[in-house]
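Student: The following block contains the structure, expressed as structure tokens.
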Amino acid sequence: MRQLPDTDRDIIHLANAPTFHRLLEQITATGGCAHPVHLTGHTTTRDTVTGEILHHYDTRTEPGERLLIRCRNRRATVCPPCSRLHSGDTFHLVRAGLTGGKTVPATVQTHPRLFLTLTAPGFGPVHRTTTSGQPCRPRRGTGHCEHGKALGCGSVHPLDDPLAGQPLCPGCYDYTTHVLWHAHAGQLWDRFTRAVRRHLATTAGITQSRFPDYARLSFAKVAEYQRRAAVHVHAVVRLDGPDGPTTPPPAWGTVDTLTTAIRAAARTVTVHTAYSPATGQHTLRWGTQLDVRPLRTTTADADGLADDAVAAYVAKYISKGAHDTGAGTDHRLTTRDDLDTAPVTPHVRALMRACWDLGALPEYEPLRLRAWAHTLGYRGHLLTKSHAYSTTYTALRADRQNHARDADDTPAAPDTVTESQWRYTGTGHTPGTALLANGVAQDLAHNHELAREALALGSRRGEAG
Ligand SMILES: [Zn+2]
Ligand SMILES: [Zn+2]
Ligand SMILES: [Zn+2]
């Protein structure tokens with residue numbers, strides 16, 4: 001036994017324990033979560049009338065006297081199985097808002113629905129990849145900035161060129177505004193949605209305050225870091241009637257008026273930063289690049305984007321953090337030394353340093369720039385949605401738990417009361433359970449792949465037929 005590696009010894013020990021079968025069940029129930037949370041406690045369900053105990057569960061009978069539950073991390077680099085589950089939930093959440101499902105009626109398909117991308121403005125020229133072999137930043141003649149760097153770049157950068165997204169001259173690049181823009185992106189979005197409502201109200205000839213009596217604007221948005229480490233916002237926007245998805249939009253609420261309102265709002269909305277004796281006051285706005293596309297109303301409609309494609313696109317981005325796209329780290333930076341040693345490009349490090357330095361200024365304190373240096377000042381959640389857009393992550397999880405309970409044959413009657421007490425006792429795996437969890441996760445991923453292939457095959461047949 002002694003000569004065996006830790007993992008093997010642990011596996012043999014686990015497999016020989018009488019609780020092995022149950023341990024495997026628990027690991028399977030977490031989907032092979034890489035960092036499960038350990039809980040101890042009990043839950044008792046009684047009939048409120050008779051007081052009879054209908055269901056009792058206590059972790060004292062479990063292997064190691066604890067229950068493993070999912071870590072629920074959405075990031076693929078942290079926990080692949082939980083991230084996959086979260087992506088799936090995001091897909092369903094976004095899709096329900098587009099085509100109906102869950103709590104949303106299928107009639108939303110006839111409401112104006114758009115997919116839009118709002119960009120950050122330019123903060124200085126960066127090297128870029130181009131299609132069809134054009135040079136990066138061609139320029140007539142030669143010219144140099146005050147730092148002695150060329151003002152143009154005649155190179156053709158391949159897609160994987162580490163230079164792509166890096167500034168032509170870091171000395172000329174406006175790191176301050178870039179970071180302040182990130183820190184205000186949430187506010188800029190809020191003002192943008194208000195401006196869209198205002199423009200629509202003007203089109204309809206009603207006052208802004210009456211807008212909720214006629215229509216409701218719903219959205220789900222996701223943030224994505226570009227090569228230059230600036231955030232872009234992708235959003236699904238839908239126009240409903242006054243009571244949300246169950247009510248049709250007013251006659252003036254068309255794809256065209258919504259598109260016009262979005263374009264006008266994106267062009268005009270601004271946020272002014274707090275005045276700073278060190279950096280002055282900045283007026284922040286969206287970049288001029290704006291993409292607004294209607295979603296297909298029917299499958300026969302060749303124009304517009306397909307609902308599923310948009311939902312899948314949004315779900316894909318949700319499993320990536322700043323770290324995964326090379327724009328930041330997956331943990332907070334607590335000292336200036338952390339910034340110097342973070343495994344990032346010089347450009348991203350310069351953005352982190354800008355967060356750190358500006359974070360010391362009292363006028364920028366509310367932006368918490370040091371706490372968010374690892375995401376380059378951006379504080380937003382990766383996915384945000386308005387209340388009426390569709391279902392919630394919580395509802396989707398509850399749905400899944402109900403399915404599990406149905407399979408368990410445990411009654412969830414209305415005349416019952418449940419008392420529970422839970423305590424957190426730890427997290428993670430032993431070398432042996434980690435191996436088991438990895439096996440479970442790989443099996444599930446493989447099944448998921450097969451299911452997806454079957455689905456793709458089915459829909460191709462459907463299209464052909
Ligand atoms: Zn997990
Ligand atoms: Zn270049
Ligand atoms: Zn320069």
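So you can find residues: chains in the structure tokens are A, B, ... in the order shown, residues in each start at 1, and ligands are numbered from 1 in order.
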Write as a list of chain:residue names the residues around ligand 3, taking 8 Å as the cut-off and counting only C-alpha atoms and all ligand atoms.
Tutor: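 The residues within 8 Å of ligand 3, counting only C-alpha atoms and all ligand atoms, are A:His144, A:Cys145, A:Glu146, A:His147, A:Gly148, A:Lys149, A:Leu168, A:Cys169, A:Pro170, A:Gly171, A:Cys172, A:Tyr173.
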Student: Convert the current residue selection to file output with C-alpha atoms, as a PDB file, in the first residue's frame.
Tutor:
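Here's the written file again_26.pdb:
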ATOM      1  CA  HIS A 144       6.269  59.456 -35.381  1.00  0.00           C
ATOM      2  CA  CYS A 145       4.596  60.415 -32.134  1.00  0.00           C
ATOM      3  CA  GLU A 146       6.337  62.356 -29.382  1.00  0.00           C
ATOM      4  CA  HIS A 147       7.498  59.007 -27.953  1.00  0.00           C
ATOM      5  CA  GLY A 148       9.274  58.167 -31.199  1.00  0.00           C
ATOM      6  CA  LYS A 149       6.815  55.420 -32.206  1.00  0.00           C
ATOM      7  CA  LEU A 168       0.890  51.297 -31.389  1.00  0.00           C
ATOM      8  CA  CYS A 169       2.249  53.549 -28.647  1.00  0.00           C
ATOM      9  CA  PRO A 170       1.469  52.839 -24.984  1.00  0.00           C
ATOM     10  CA  GLY A 171       2.615  56.376 -24.179  1.00  0.00           C
ATOM     11  CA  CYS A 172      -0.114  57.861 -26.390  1.00  0.00           C
ATOM     12  CA  TYR A 173      -2.841  55.384 -25.376  1.00  0.00           C
TER      13      TYR A 173
END
Student: Dump as a Markdown table the rows for residues of chain A within 7 Å of ligand 1: closest atom pair and distance in Å with one decimal, only C-alpha atoms and all ligand atoms counted, ordered by chain and rising residue number.
Tutor:
| residue | atom | partner | partner_atom_place_in_ligand_line | distance |
| --- | --- | --- | --- | --- |
| A:Cys33 | CA | ligand 1 | 1 (Zn) | 3.7 |
| A:Ala34 | CA | ligand 1 | 1 (Zn) | 5.0 |
| A:His35 | CA | ligand 1 | 1 (Zn) | 5.2 |
| A:Pro36 | CA | ligand 1 | 1 (Zn) | 5.8 |
| A:Arg70 | CA | ligand 1 | 1 (Zn) | 4.8 |
| A:Cys71 | CA | ligand 1 | 1 (Zn) | 3.9 |
| A:Arg72 | CA | ligand 1 | 1 (Zn) | 4.9 |
| A:Asn73 | CA | ligand 1 | 1 (Zn) | 5.6 |
| A:Cys79 | CA | ligand 1 | 1 (Zn) | 4.8 |
| A:Pro81 | CA | ligand 1 | 1 (Zn) | 6.1 |
| A:Cys82 | CA | ligand 1 | 1 (Zn) | 4.4 |
Student: Could you save the residues just selected, with N, CA and C atoms, as a JSON list (two decimals), in the first residue's frame?
Tutor:
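Once written, out39.json looks like this:
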[["chain", "number", "residue", "atom", "x", "y", "z"],
["A", 33, "CYS", "N", -18.85, 18.01, -10.12],
["A", 33, "CYS", "CA", -18.34, 19.34, -9.76],
["A", 33, "CYS", "C", -16.90, 19.25, -9.25],
["A", 34, "ALA", "N", -16.05, 20.19, -9.71],
["A", 34, "ALA", "CA", -14.63, 20.14, -9.36],
["A", 34, "ALA", "C", -14.34, 20.68, -7.96],
["A", 35, "HIS", "N", -15.21, 21.50, -7.43],
["A", 35, "HIS", "CA", -14.99, 22.08, -6.08],
["A", 35, "HIS", "C", -16.28, 22.03, -5.27],
["A", 36, "PRO", "N", -16.80, 20.81, -4.99],
["A", 36, "PRO", "CA", -18.10, 20.76, -4.31],
["A", 36, "PRO", "C", -18.03, 21.36, -2.91],
["A", 70, "ARG", "N", -23.09, 21.29, -5.57],
["A", 70, "ARG", "CA", -22.34, 21.96, -6.64],
["A", 70, "ARG", "C", -21.75, 23.30, -6.21],
["A", 71, "CYS", "N", -20.59, 23.67, -6.76],
["A", 71, "CYS", "CA", -20.00, 24.98, -6.49],
["A", 71, "CYS", "C", -20.71, 26.07, -7.29],
["A", 72, "ARG", "N", -21.33, 25.68, -8.39],
["A", 72, "ARG", "CA", -22.09, 26.60, -9.26],
["A", 72, "ARG", "C", -21.26, 27.71, -9.89],
["A", 73, "ASN", "N", -19.97, 27.50, -10.02],
["A", 73, "ASN", "CA", -19.15, 28.52, -10.67],
["A", 73, "ASN", "C", -19.46, 28.52, -12.17],
["A", 79, "CYS", "N", -14.63, 25.39, -12.94],
["A", 79, "CYS", "CA", -15.34, 24.13, -12.79],
["A", 79, "CYS", "C", -16.08, 23.82, -14.08],
["A", 81, "PRO", "N", -17.92, 21.23, -15.24],
["A", 81, "PRO", "CA", -19.34, 20.77, -15.22],
["A", 81, "PRO", "C", -20.33, 21.85, -14.76],
["A", 82, "CYS", "N", -19.97, 22.64, -13.74],
["A", 82, "CYS", "CA", -20.90, 23.68, -13.28],
["A", 82, "CYS", "C", -21.03, 24.77, -14.33]]
Student: Residues within 8 Å of ligand 2, counting only C-alpha atoms and all ligand atoms: report them as a list of chain:residue names.
Tutor: A:Val126, A:His127, A:Arg128, A:Thr129, A:Pro135, A:Cys136, A:Arg137, A:Gly152, A:Cys153, A:Gly154, A:Ser155, A:Val156, A:His157, A:Leu163, A:Ala164, A:Leu168
Student: Considering only C-alpha atoms, can you say which of A:Leu258, A:Ile206, A:Ala327, A:Ala220 comes closest to Ala311 in chain A?
Tutor: A:Ala220
Student: Which polymer residues have any atom within 8 Å of an atom of range 234-250 of chain A, counting only C-alpha atoms, with same-chain residues fewer than 6 positions away left out, as a PyMOL selection string?
Tutor: chain A and resi 98+104-105+107-108+111-118+212-224+258+314+388-389
Student: Since we have the selection now, will you write its residues out, keeping N, CA and C atoms, as a compact mmCIF listing (two decimals), in the first residue's frame?
Tutor:
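The result, written out as part22.txt:
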# COMPACT_ATOMS: atom_id res chain seq x y z
N LEU A 98 -36.91 35.02 -26.16
CA LEU A 98 -37.01 35.25 -27.60
C LEU A 98 -38.16 34.47 -28.24
N VAL A 104 -42.79 32.50 -20.25
CA VAL A 104 -43.01 33.47 -21.32
C VAL A 104 -43.87 32.86 -22.43
N PRO A 105 -44.96 33.54 -22.85
CA PRO A 105 -45.79 32.97 -23.91
C PRO A 105 -45.10 33.02 -25.27
N THR A 107 -46.14 33.99 -27.96
CA THR A 107 -46.49 35.18 -28.76
C THR A 107 -45.38 36.23 -28.76
N VAL A 108 -44.39 36.14 -27.85
CA VAL A 108 -43.28 37.13 -27.88
C VAL A 108 -42.55 37.08 -29.22
N HIS A 111 -43.30 39.99 -31.22
CA HIS A 111 -42.92 41.31 -30.73
C HIS A 111 -41.61 41.74 -31.41
N PRO A 112 -41.37 43.05 -31.51
CA PRO A 112 -40.08 43.48 -32.07
C PRO A 112 -38.95 42.99 -31.17
N ARG A 113 -38.01 42.27 -31.77
CA ARG A 113 -36.88 41.73 -31.02
C ARG A 113 -35.61 42.01 -31.81
N LEU A 114 -34.62 42.58 -31.14
CA LEU A 114 -33.39 42.94 -31.83
C LEU A 114 -32.19 42.41 -31.07
N PHE A 115 -31.13 42.14 -31.81
CA PHE A 115 -29.86 41.79 -31.19
C PHE A 115 -28.91 42.92 -31.50
N LEU A 116 -28.36 43.54 -30.46
CA LEU A 116 -27.51 44.69 -30.73
C LEU A 116 -26.16 44.57 -30.05
N THR A 117 -25.17 45.19 -30.64
CA THR A 117 -23.84 45.25 -30.06
C THR A 117 -23.42 46.69 -29.94
N LEU A 118 -23.14 47.10 -28.70
CA LEU A 118 -22.65 48.44 -28.42
C LEU A 118 -21.16 48.31 -28.11
N PRO A 212 -44.80 53.64 -19.70
CA PRO A 212 -45.16 52.34 -19.11
C PRO A 212 -46.63 51.95 -19.30
N ASP A 213 -47.51 52.95 -19.59
CA ASP A 213 -48.92 52.63 -19.84
C ASP A 213 -49.12 51.95 -21.19
N TYR A 214 -48.12 52.08 -22.08
CA TYR A 214 -48.27 51.55 -23.44
C TYR A 214 -47.33 50.38 -23.75
N ALA A 215 -46.13 50.46 -23.19
CA ALA A 215 -45.12 49.48 -23.62
C ALA A 215 -44.09 49.23 -22.54
N ARG A 216 -43.41 48.13 -22.70
CA ARG A 216 -42.32 47.81 -21.79
C ARG A 216 -41.14 47.30 -22.59
N LEU A 217 -39.96 47.81 -22.24
CA LEU A 217 -38.73 47.41 -22.93
C LEU A 217 -38.00 46.39 -22.06
N SER A 218 -37.73 45.20 -22.60
CA SER A 218 -37.04 44.17 -21.84
C SER A 218 -35.73 43.82 -22.53
N PHE A 219 -34.74 43.40 -21.74
CA PHE A 219 -33.47 43.05 -22.37
C PHE A 219 -32.71 42.02 -21.55
N ALA A 220 -31.78 41.37 -22.20
CA ALA A 220 -30.77 40.56 -21.54
C ALA A 220 -29.46 40.93 -22.21
N LYS A 221 -28.46 41.27 -21.42
CA LYS A 221 -27.20 41.70 -22.05
C LYS A 221 -26.02 40.96 -21.47
N VAL A 222 -24.99 40.86 -22.27
CA VAL A 222 -23.78 40.16 -21.86
C VAL A 222 -22.58 41.01 -22.27
N ALA A 223 -21.55 41.00 -21.42
CA ALA A 223 -20.35 41.79 -21.71
C ALA A 223 -19.28 40.88 -22.27
N GLU A 224 -18.54 41.38 -23.23
CA GLU A 224 -17.46 40.60 -23.83
C GLU A 224 -16.22 41.47 -23.98
N LEU A 258 -38.15 50.82 -33.15
CA LEU A 258 -37.22 50.40 -32.09
C LEU A 258 -35.78 50.55 -32.56
N VAL A 314 -24.88 34.16 -26.68
CA VAL A 314 -24.87 34.79 -25.36
C VAL A 314 -24.37 33.79 -24.32
N ALA A 388 -38.70 41.71 -16.57
CA ALA A 388 -39.74 41.06 -17.38
C ALA A 388 -39.19 40.25 -18.55
N TYR A 389 -37.85 40.24 -18.73
CA TYR A 389 -37.32 39.60 -19.93
C TYR A 389 -37.74 38.13 -20.05
Student: Within 8 Å of range 181-183 of chain A, counting only C-alpha atoms, which residues show up once you throw out same-chain ones fewer than 6 positions away? Write them as a list in words, please.
Tutor: Ala120, Ala230, Val231, Leu284, Leu367, Leu369, Leu376, Gly377, Tyr378 and Arg379 of chain A
Student: What residues in range 32-138 of chain A get the DSSP label helix (DSSP H, G or I)? Please answer as JSON, numbers by chain.
Tutor: {"A": [59, 60, 61, 63, 64, 65, 80, 81, 82, 83, 84, 85, 86, 87, 88, 89, 90, 91, 92, 93, 94, 95, 96, 97, 98, 99, 106, 107, 108, 109, 110]}
Student: Could you write out that same residue set with N, CA and C atoms as a PDB file, in the first residue's frame?
Tutor:
ATOM      1  N   THR A  59     -27.570  14.218   7.292  1.00  0.00           N
ATOM      2  CA  THR A  59     -26.274  13.875   6.692  1.00  0.00           C
ATOM      3  C   THR A  59     -25.483  12.897   7.563  1.00  0.00           C
ATOM      4  N   ARG A  60     -25.975  12.608   8.796  1.00  0.00           N
ATOM      5  CA  ARG A  60     -25.235  11.692   9.654  1.00  0.00           C
ATOM      6  C   ARG A  60     -25.115  10.291   9.053  1.00  0.00           C
ATOM      7  N   THR A  61     -26.058   9.969   8.149  1.00  0.00           N
ATOM      8  CA  THR A  61     -26.003   8.638   7.534  1.00  0.00           C
ATOM      9  C   THR A  61     -25.189   8.629   6.242  1.00  0.00           C
ATOM     10  N   PRO A  63     -21.790   9.261   3.630  1.00  0.00           N
ATOM     11  CA  PRO A  63     -20.343   9.042   3.699  1.00  0.00           C
ATOM     12  C   PRO A  63     -19.661  10.298   4.247  1.00  0.00           C
ATOM     13  N   GLY A  64     -18.838  10.133   5.255  1.00  0.00           N
ATOM     14  CA  GLY A  64     -18.149  11.283   5.842  1.00  0.00           C
ATOM     15  C   GLY A  64     -19.105  12.220   6.560  1.00  0.00           C
ATOM     16  N   GLU A  65     -20.356  11.787   6.755  1.00  0.00           N
ATOM     17  CA  GLU A  65     -21.400  12.569   7.437  1.00  0.00           C
ATOM     18  C   GLU A  65     -21.596  13.949   6.827  1.00  0.00           C
ATOM     19  N   PRO A  80     -15.499  22.965 -14.937  1.00  0.00           N
ATOM     20  CA  PRO A  80     -16.153  22.685 -16.235  1.00  0.00           C
ATOM     21  C   PRO A  80     -17.600  22.198 -16.117  1.00  0.00           C
ATOM     22  N   PRO A  81     -17.924  21.229 -15.241  1.00  0.00           N
ATOM     23  CA  PRO A  81     -19.336  20.774 -15.220  1.00  0.00           C
ATOM     24  C   PRO A  81     -20.326  21.848 -14.760  1.00  0.00           C
ATOM     25  N   CYS A  82     -19.967  22.638 -13.741  1.00  0.00           N
ATOM     26  CA  CYS A  82     -20.899  23.682 -13.284  1.00  0.00           C
ATOM     27  C   CYS A  82     -21.027  24.775 -14.330  1.00  0.00           C
ATOM     28  N   SER A  83     -19.914  25.080 -15.004  1.00  0.00           N
ATOM     29  CA  SER A  83     -19.941  26.087 -16.051  1.00  0.00           C
ATOM     30  C   SER A  83     -20.853  25.653 -17.197  1.00  0.00           C
ATOM     31  N   ARG A  84     -20.799  24.342 -17.533  1.00  0.00           N
ATOM     32  CA  ARG A  84     -21.631  23.841 -18.622  1.00  0.00           C
ATOM     33  C   ARG A  84     -23.111  23.972 -18.255  1.00  0.00           C
ATOM     34  N   LEU A  85     -23.409  23.663 -16.985  1.00  0.00           N
ATOM     35  CA  LEU A  85     -24.785  23.765 -16.510  1.00  0.00           C
ATOM     36  C   LEU A  85     -25.264  25.223 -16.557  1.00  0.00           C
ATOM     37  N   HIS A  86     -24.384  26.124 -16.144  1.00  0.00           N
ATOM     38  CA  HIS A  86     -24.724  27.541 -16.124  1.00  0.00           C
ATOM     39  C   HIS A  86     -24.946  28.067 -17.544  1.00  0.00           C
ATOM     40  N   SER A  87     -24.079  27.639 -18.472  1.00  0.00           N
ATOM     41  CA  SER A  87     -24.252  28.034 -19.876  1.00  0.00           C
ATOM     42  C   SER A  87     -25.593  27.553 -20.397  1.00  0.00           C
ATOM     43  N   GLY A  88     -25.957  26.315 -20.027  1.00  0.00           N
ATOM     44  CA  GLY A  88     -27.241  25.752 -20.448  1.00  0.00           C
ATOM     45  C   GLY A  88     -28.390  26.577 -19.905  1.00  0.00           C
ATOM     46  N   ASP A  89     -28.280  26.978 -18.632  1.00  0.00           N
ATOM     47  CA  ASP A  89     -29.323  27.802 -18.029  1.00  0.00           C
ATOM     48  C   ASP A  89     -29.418  29.152 -18.749  1.00  0.00           C
ATOM     49  N   THR A  90     -28.258  29.718 -19.070  1.00  0.00           N
ATOM     50  CA  THR A  90     -28.241  31.009 -19.766  1.00  0.00           C
ATOM     51  C   THR A  90     -28.918  30.877 -21.121  1.00  0.00           C
ATOM     52  N   PHE A  91     -28.592  29.794 -21.819  1.00  0.00           N
ATOM     53  CA  PHE A  91     -29.206  29.545 -23.125  1.00  0.00           C
ATOM     54  C   PHE A  91     -30.731  29.516 -22.988  1.00  0.00           C
ATOM     55  N   HIS A  92     -31.246  28.756 -22.004  1.00  0.00           N
ATOM     56  CA  HIS A  92     -32.691  28.638 -21.841  1.00  0.00           C
ATOM     57  C   HIS A  92     -33.319  29.965 -21.429  1.00  0.00           C
ATOM     58  N   LEU A  93     -32.593  30.686 -20.575  1.00  0.00           N
ATOM     59  CA  LEU A  93     -33.078  31.973 -20.097  1.00  0.00           C
ATOM     60  C   LEU A  93     -33.204  32.982 -21.259  1.00  0.00           C
ATOM     61  N   VAL A  94     -32.173  33.035 -22.087  1.00  0.00           N
ATOM     62  CA  VAL A  94     -32.186  33.974 -23.216  1.00  0.00           C
ATOM     63  C   VAL A  94     -33.199  33.512 -24.267  1.00  0.00           C
ATOM     64  N   ARG A  95     -33.214  32.207 -24.520  1.00  0.00           N
ATOM     65  CA  ARG A  95     -34.107  31.655 -25.531  1.00  0.00           C
ATOM     66  C   ARG A  95     -35.580  31.848 -25.150  1.00  0.00           C
ATOM     67  N   ALA A  96     -35.887  31.649 -23.865  1.00  0.00           N
ATOM     68  CA  ALA A  96     -37.279  31.819 -23.419  1.00  0.00           C
ATOM     69  C   ALA A  96     -37.764  33.233 -23.702  1.00  0.00           C
ATOM     70  N   GLY A  97     -36.875  34.212 -23.559  1.00  0.00           N
ATOM     71  CA  GLY A  97     -37.235  35.601 -23.808  1.00  0.00           C
ATOM     72  C   GLY A  97     -37.436  35.899 -25.287  1.00  0.00           C
ATOM     73  N   LEU A  98     -36.913  35.019 -26.155  1.00  0.00           N
ATOM     74  CA  LEU A  98     -37.010  35.252 -27.601  1.00  0.00           C
ATOM     75  C   LEU A  98     -38.156  34.474 -28.239  1.00  0.00           C
ATOM     76  N   THR A  99     -38.324  33.221 -27.806  1.00  0.00           N
ATOM     77  CA  THR A  99     -39.303  32.365 -28.488  1.00  0.00           C
ATOM     78  C   THR A  99     -40.413  31.908 -27.566  1.00  0.00           C
ATOM     79  N   ALA A 106     -45.466  32.079 -26.143  1.00  0.00           N
ATOM     80  CA  ALA A 106     -44.829  31.984 -27.467  1.00  0.00           C
ATOM     81  C   ALA A 106     -45.122  33.204 -28.341  1.00  0.00           C
ATOM     82  N   THR A 107     -46.138  33.992 -27.961  1.00  0.00           N
ATOM     83  CA  THR A 107     -46.487  35.178 -28.763  1.00  0.00           C
ATOM     84  C   THR A 107     -45.379  36.232 -28.763  1.00  0.00           C
ATOM     85  N   VAL A 108     -44.387  36.138 -27.848  1.00  0.00           N
ATOM     86  CA  VAL A 108     -43.285  37.125 -27.884  1.00  0.00           C
ATOM     87  C   VAL A 108     -42.548  37.076 -29.219  1.00  0.00           C
ATOM     88  N   GLN A 109     -42.685  35.971 -29.927  1.00  0.00           N
ATOM     89  CA  GLN A 109     -42.020  35.854 -31.237  1.00  0.00           C
ATOM     90  C   GLN A 109     -42.505  36.910 -32.214  1.00  0.00           C
ATOM     91  N   THR A 110     -43.715  37.420 -31.983  1.00  0.00           N
ATOM     92  CA  THR A 110     -44.252  38.442 -32.887  1.00  0.00           C
ATOM     93  C   THR A 110     -43.909  39.850 -32.410  1.00  0.00           C
TER      94      THR A 110
END
Student: From the set A:Gly32, A:Gly51, A:Gly328, A:Pro277, which residue has the shortest atom-to-atom contact distance to His374 in chain A, counting only C-alpha atoms?
Tutor: A:Gly328
